[in-house]
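Colleague: Below is the file start09.txt, with compact mmCIF, C-alpha atoms.
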```txt
# COMPACT_ATOMS: atom_id res chain seq x y z
CA MET X 1 48.93 -101.64 58.41
CA SER X 2 50.03 -98.04 58.83
CA ALA X 3 51.13 -98.05 55.18
CA ALA X 4 47.65 -99.14 54.19
CA THR X 5 46.14 -96.39 56.35
CA ALA X 6 48.50 -93.82 54.87
CA THR X 7 47.69 -94.92 51.33
CA THR X 8 43.97 -94.79 52.01
CA THR X 9 44.34 -91.34 53.55
CA ALA X 10 46.33 -90.25 50.49
CA ILE X 11 43.61 -91.49 48.13
CA ILE X 12 40.90 -89.74 50.14
CA ASP X 13 43.02 -86.61 50.20
CA GLN X 14 43.62 -86.80 46.43
CA THR X 15 39.97 -87.22 45.63
CA ASP X 16 39.19 -84.31 47.94
CA LYS X 17 41.66 -82.19 46.03
CA GLN X 18 40.24 -83.37 42.72
CA ARG X 19 36.74 -82.61 44.00
CA ARG X 20 37.79 -79.09 44.95
CA ALA X 21 39.42 -78.70 41.52
CA LEU X 22 36.17 -79.77 39.85
CA LEU X 23 34.20 -77.28 41.93
CA LEU X 24 36.61 -74.50 40.97
CA VAL X 25 36.54 -75.30 37.26
CA PHE X 26 32.74 -75.47 37.50
CA CYS X 27 32.72 -71.85 38.76
CA CYS X 28 35.24 -71.09 36.01
CA THR X 29 32.71 -72.22 33.35
CA LEU X 30 29.98 -69.99 34.87
CA PHE X 31 32.26 -66.94 34.73
CA GLY X 32 33.46 -67.93 31.25
CA ALA X 33 29.91 -68.20 29.92
CA ALA X 34 28.88 -64.84 31.39
CA ALA X 35 32.05 -63.39 29.83
CA GLN X 36 31.20 -64.79 26.40
CA VAL X 37 27.66 -63.42 26.47
CA LEU X 38 28.90 -59.97 27.60
CA ILE X 39 31.62 -59.96 24.92
CA LYS X 40 29.11 -60.97 22.25
CA THR X 41 26.77 -58.15 23.39
CA GLY X 42 29.63 -55.65 23.44
CA ALA X 43 30.97 -56.75 20.06
CA THR X 44 27.66 -56.02 18.36
CA HIS X 45 27.95 -52.43 19.65
CA LEU X 46 31.21 -51.94 17.75
CA ALA X 47 30.22 -50.78 14.28
CA HIS X 48 33.25 -51.51 12.10
CA PRO X 49 35.79 -53.20 14.34
CA SER X 50 39.42 -53.04 13.36
CA LEU X 51 42.04 -54.63 15.55
CA LEU X 52 42.66 -51.21 17.20
CA THR X 53 39.03 -50.29 17.91
CA ALA X 54 38.42 -53.83 19.15
CA ALA X 55 41.36 -53.47 21.55
CA LEU X 56 40.19 -49.99 22.65
CA GLY X 57 36.69 -51.35 23.12
CA MET X 58 38.03 -53.63 25.85
CA VAL X 59 38.45 -50.49 27.97
CA THR X 60 35.82 -48.07 26.65
CA ASN X 61 32.90 -50.44 26.11
CA LYS X 62 31.37 -51.49 29.43
CA PHE X 63 30.12 -54.85 28.11
CA LEU X 64 33.52 -55.74 26.68
CA PHE X 65 35.31 -54.48 29.79
CA CYS X 66 33.15 -56.59 32.13
CA GLY X 67 33.33 -59.55 29.75
CA TYR X 68 37.11 -59.60 29.50
CA SER X 69 37.43 -59.01 33.26
CA LEU X 70 35.28 -62.08 33.89
CA TYR X 71 37.44 -63.98 31.39
CA GLY X 72 40.46 -63.02 33.46
CA ILE X 73 38.79 -64.22 36.65
CA SER X 74 37.78 -67.52 35.03
CA THR X 75 41.37 -68.08 33.85
CA ILE X 76 42.69 -67.48 37.38
CA LEU X 77 40.13 -69.98 38.72
CA LEU X 78 41.27 -72.49 36.07
CA VAL X 79 44.91 -72.12 37.13
CA ILE X 80 44.02 -72.66 40.80
CA ALA X 81 41.92 -75.69 39.83
CA LEU X 82 44.78 -77.15 37.76
CA LYS X 83 47.15 -76.79 40.72
CA ASP X 84 45.55 -79.80 42.42
CA GLY X 85 43.40 -81.38 39.72
CA GLU X 86 44.43 -83.73 36.93
CA LEU X 87 44.57 -81.88 33.62
CA SER X 88 42.80 -84.70 31.75
CA ILE X 89 39.90 -84.64 34.23
CA THR X 90 39.69 -80.92 34.98
CA TYR X 91 40.05 -79.50 31.47
CA PRO X 92 37.14 -81.29 29.72
CA VAL X 93 34.75 -79.77 32.29
CA ILE X 94 35.28 -76.44 30.49
CA ALA X 95 32.86 -77.77 27.85
CA LEU X 96 30.09 -76.87 30.31
CA THR X 97 30.69 -73.29 29.18
CA TYR X 98 28.90 -74.16 25.91
CA VAL X 99 25.92 -75.38 27.93
CA TRP X 100 25.65 -72.17 29.99
CA VAL X 101 26.06 -70.03 26.87
CA ALA X 102 23.24 -71.92 25.12
CA MET X 103 21.01 -71.49 28.18
CA LEU X 104 21.88 -67.81 28.67
CA SER X 105 21.24 -67.20 24.97
CA TYR X 106 17.86 -68.85 25.36
CA PHE X 107 16.79 -66.96 28.51
CA LEU X 108 18.39 -63.55 27.89
CA MET X 109 18.57 -63.22 24.11
CA HIS X 110 15.55 -65.37 23.36
CA GLU X 111 17.41 -67.58 20.93
CA SER X 112 15.62 -70.79 20.08
CA MET X 113 16.08 -74.04 22.00
CA GLY X 114 15.57 -76.80 19.46
CA LEU X 115 15.89 -80.57 19.74
CA TYR X 116 19.53 -80.53 18.58
CA LYS X 117 20.48 -78.05 21.30
CA ILE X 118 18.78 -80.15 23.97
CA ILE X 119 20.54 -83.30 22.71
CA GLY X 120 23.88 -81.45 22.60
CA ILE X 121 23.47 -80.07 26.13
CA SER X 122 22.48 -83.51 27.49
CA LEU X 123 25.47 -85.20 25.84
CA ILE X 124 27.95 -82.59 27.14
CA VAL X 125 26.56 -82.75 30.68
CA THR X 126 26.68 -86.58 30.62
CA GLY X 127 30.23 -86.53 29.20
CA VAL X 128 31.43 -84.09 31.86
CA ALA X 129 29.82 -86.17 34.60
CA ILE X 130 31.60 -89.29 33.30
CA VAL X 131 35.00 -87.60 32.97
CA GLY X 132 34.56 -86.11 36.44
CA LYS X 133 34.13 -89.59 37.88
CA ALA X 134 37.23 -90.95 36.11
CA LYS X 135 39.69 -92.58 38.50
CA ARG X 136 43.35 -91.72 38.72
CA MET Y 1 40.21 -74.40 8.71
CA VAL Y 2 43.95 -74.15 9.24
CA LEU Y 3 43.40 -71.08 11.46
CA VAL Y 4 40.90 -72.81 13.71
CA PHE Y 5 42.92 -76.03 13.82
CA THR Y 6 46.05 -74.09 14.81
CA GLY Y 7 44.07 -72.11 17.37
CA ALA Y 8 42.73 -75.25 19.03
CA PHE Y 9 46.20 -76.84 19.01
CA ILE Y 10 47.85 -73.79 20.58
CA GLY Y 11 45.04 -73.52 23.12
CA SER Y 12 45.56 -77.11 24.27
CA ILE Y 13 49.31 -76.52 24.62
CA GLY Y 14 48.40 -73.41 26.62
CA ALA Y 15 46.33 -75.54 28.98
CA ALA Y 16 49.29 -77.89 29.48
CA PHE Y 17 51.59 -74.96 30.35
CA LEU Y 18 48.94 -73.54 32.71
CA LYS Y 19 48.94 -76.92 34.48
CA ALA Y 20 52.74 -77.01 34.61
CA GLY Y 21 52.80 -73.45 35.94
CA ALA Y 22 49.99 -74.06 38.42
CA GLY Y 23 51.94 -76.93 39.97
CA ARG Y 24 54.66 -74.43 40.84
CA LEU Y 25 52.23 -71.76 42.01
CA GLN Y 26 53.44 -69.65 44.91
CA MET Y 27 51.76 -66.55 46.18
CA SER Y 28 54.57 -64.06 45.95
CA VAL Y 29 55.15 -61.43 43.27
CA ALA Y 30 58.69 -62.63 42.55
CA ALA Y 31 57.60 -66.26 42.23
CA LEU Y 32 54.68 -65.34 39.97
CA ALA Y 33 56.88 -63.13 37.80
CA SER Y 34 59.49 -65.87 37.37
CA ASN Y 35 56.88 -68.57 36.69
CA TRP Y 36 57.55 -68.69 32.95
CA ARG Y 37 55.38 -71.75 32.41
CA LEU Y 38 52.35 -69.82 33.66
CA GLY Y 39 53.33 -66.93 31.38
CA VAL Y 40 53.64 -69.17 28.32
CA GLY Y 41 50.28 -70.77 29.16
CA ILE Y 42 48.47 -67.45 29.44
CA LEU Y 43 50.17 -66.18 26.27
CA ALA Y 44 49.18 -69.32 24.34
CA TYR Y 45 45.62 -68.91 25.62
CA CYS Y 46 45.51 -65.32 24.34
CA VAL Y 47 47.06 -66.27 20.99
CA SER Y 48 44.53 -69.07 20.49
CA SER Y 49 41.65 -66.69 21.22
CA VAL Y 50 43.03 -64.29 18.57
CA PHE Y 51 43.00 -67.20 16.09
CA PHE Y 52 39.38 -67.94 17.02
CA VAL Y 53 38.34 -64.28 16.61
CA TYR Y 54 39.90 -64.24 13.13
CA GLY Y 55 38.32 -67.58 12.31
CA ASN Y 56 34.99 -66.24 13.53
CA ALA Y 57 35.32 -63.07 11.47
CA ARG Y 58 35.86 -65.20 8.38
CA GLY Y 59 32.81 -67.26 9.25
CA GLU Y 60 34.91 -70.32 9.90
CA LEU Y 61 34.21 -70.96 13.55
CA SER Y 62 30.61 -72.14 13.40
CA VAL Y 63 31.39 -74.73 10.74
CA LEU Y 64 34.49 -75.93 12.47
CA TYR Y 65 33.45 -76.16 16.10
CA PRO Y 66 34.18 -79.88 16.13
CA ILE Y 67 37.79 -79.02 15.29
CA VAL Y 68 37.83 -76.63 18.26
CA ALA Y 69 36.50 -79.42 20.42
CA LEU Y 70 39.36 -81.63 19.19
CA GLY Y 71 41.42 -79.49 21.57
CA TYR Y 72 40.04 -81.74 24.32
CA ILE Y 73 41.66 -84.77 22.68
CA TRP Y 74 44.98 -82.93 22.35
CA THR Y 75 44.75 -82.05 26.03
CA LEU Y 76 44.29 -85.73 26.94
CA VAL Y 77 47.45 -86.50 24.94
CA TRP Y 78 49.49 -83.75 26.69
CA SER Y 79 48.16 -84.95 30.07
CA ARG Y 80 49.51 -88.39 29.32
CA ILE Y 81 52.87 -87.28 27.90
CA PHE Y 82 53.79 -84.48 30.30
CA PHE Y 83 51.96 -85.30 33.52
CA ARG Y 84 51.80 -89.11 33.26
CA GLU Y 85 48.05 -89.05 33.78
CA PRO Y 86 46.70 -92.38 32.58
CA PHE Y 87 44.60 -92.77 29.45
CA THR Y 88 41.46 -94.51 30.57
CA ARG Y 89 38.46 -95.77 28.65
CA VAL Y 90 36.23 -93.69 30.94
CA LYS Y 91 38.03 -90.45 30.04
CA PHE Y 92 37.85 -91.15 26.31
CA PHE Y 93 34.19 -92.13 26.56
CA GLY Y 94 33.36 -88.92 28.46
CA VAL Y 95 35.34 -86.70 26.12
CA GLY Y 96 33.76 -88.52 23.16
CA LEU Y 97 30.28 -87.67 24.47
CA ILE Y 98 31.37 -84.05 24.98
CA LEU Y 99 32.63 -83.90 21.36
CA VAL Y 100 29.36 -85.27 19.98
CA GLY Y 101 27.44 -82.85 22.21
CA VAL Y 102 29.44 -79.86 20.95
CA PHE Y 103 28.78 -81.09 17.42
CA PHE Y 104 25.02 -81.13 18.08
CA LEU Y 105 25.05 -77.66 19.70
CA ASN Y 106 26.89 -76.37 16.65
CA ALA Y 107 24.53 -78.09 14.22
CA ALA Y 108 21.64 -76.39 16.02
CA SER Y 109 23.07 -72.86 15.76
CA GLY Y 110 24.63 -73.32 12.30
```
Starting from the file, lay out its structure as structure tokens.

Modeller:
Amino acid sequence: MSAATATTTAIIDQTDKQRRALLLVFCCTLFGAAAQVLIKTGATHLAHPSLLTAALGMVTNKFLFCGYSLYGISTILLVIALKDGELSITYPVIALTYVWVAMLSYFLMHESMGLYKIIGISLIVTGVAIVGKAKR
Amino acid sequence: MVLVFTGAFIGSIGAAFLKAGAGRLQMSVAALASNWRLGVGILAYCVSSVFFVYGNARGELSVLYPIVALGYIWTLVWSRIFFREPFTRVKFFGVGLILVGVFFLNAASG
């Protein structure tokens, strides 16, 4: 009886941990998407990038600096998420980054939002939702 | 194509090392400094992003996004081999949908 209770508690605890991991990696995708948009904006400001000027730009260009800083933060969040979450469940959620980038590009850079993009976004969101519900 | 493929492969290995390192995460400077798995993971992540930047510069990335997304499949394989996380139909179905979705997003911007 107590073994059954302990097992149940363990399962609840595990799913709680996995839920927290999913929440963390979700934040990680938001930071990652903002980073990508900032880096893309910064990169267009570099006229003829060589490896050196690109590396220098990470410090001197404010877009690149903020972008790479956010990348760093999103990586730290990913590591904390992976501490408790299953890799095979937590990692695929990163695909949400593509969704945020597509939406940010639409709202901020006024890129088009065609049928293919809407289909792609829907499929990724559905896929992430399904993976997120996968059992241990 | 080889560049992007290699980049995705290295990136997925990086994710596996990040997971291995995260499991041993302790909040002290000495423990973080000696956590070589975390170091290898972060290094592999950086190396893979360099591959992607080169691939992008050569106009490869947009065509080969599906290959990048293959990294998700690799990661499932490492999860199974190194962390004994079960392969399940649900995981493959979800990742499959994500792959097709990435393909569509790429087709739209390509």

Colleague: Please tabulate, as JSON lines, the residues of chain X that come within 6 Å of chain Y, each with its closest pair of atoms and the distance in Å to one decimal, counting all atoms listed in the file and ordering rows by chain, then residue number upward.

Modeller:
```
{"residue": "X:Val79", "atom": "CA", "partner": "Y:Ala22", "partner_atom": "CA", "distance": 5.6}
{"residue": "X:Leu82", "atom": "CA", "partner": "Y:Lys19", "partner_atom": "CA", "distance": 5.3}
{"residue": "X:Lys83", "atom": "CA", "partner": "Y:Ala22", "partner_atom": "CA", "distance": 4.6}
{"residue": "X:Leu87", "atom": "CA", "partner": "Y:Ser79", "partner_atom": "CA", "distance": 5.9}
{"residue": "X:Ser88", "atom": "CA", "partner": "Y:Leu76", "partner_atom": "CA", "distance": 5.1}
{"residue": "X:Tyr116", "atom": "CA", "partner": "Y:Ala108", "partner_atom": "CA", "distance": 5.3}
{"residue": "X:Lys117", "atom": "CA", "partner": "Y:Leu105", "partner_atom": "CA", "distance": 4.9}
{"residue": "X:Gly120", "atom": "CA", "partner": "Y:Gly101", "partner_atom": "CA", "distance": 3.8}
{"residue": "X:Leu123", "atom": "CA", "partner": "Y:Gly101", "partner_atom": "CA", "distance": 4.8}
{"residue": "X:Ile124", "atom": "CA", "partner": "Y:Ile98", "partner_atom": "CA", "distance": 4.3}
{"residue": "X:Gly127", "atom": "CA", "partner": "Y:Gly94", "partner_atom": "CA", "distance": 4.0}
{"residue": "X:Ile130", "atom": "CA", "partner": "Y:Gly94", "partner_atom": "CA", "distance": 5.2}
{"residue": "X:Val131", "atom": "CA", "partner": "Y:Gly94", "partner_atom": "CA", "distance": 5.0}
{"residue": "X:Ala134", "atom": "CA", "partner": "Y:Val90", "partner_atom": "CA", "distance": 5.9}
```

Colleague: What gap, in Å, lies between atom CA of Gly72 of chain X and atom CA of Asp16 of chain X?

Modeller: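 Separating atom CA of Gly72 of chain X from atom CA of Asp16 of chain X is a distance of 25.8 Å.
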
Colleague: Can you measure atom CA of Val101 of chain X to atom CA of Leu38 of chain X for me? One decimal in Å is fine.

Modeller: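 Computed distance, atom CA of Val101 of chain X to atom CA of Leu38 of chain X, equals 10.5 Å.
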
Colleague: Grab the atom CA of Ile39 of chain X to atom CA of Gly67 of chain X distance for me, in Å with one decimal place.

Modeller: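 These two atoms are separated by 5.1 Å.
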
Colleague: If you take every atom of segment 72-90 of chain Y that the file lists and fit an axis-aligned box around them with 6 Å extra on each side, what centre and edge lengths come out in Å to one decimal, as AutoDock Vina command-line options?

Modeller:
```
--center_x 45.0 --center_y -88.8 --center_z 28.1 --size_x 29.6 --size_y 26.0 --size_z 23.4
```
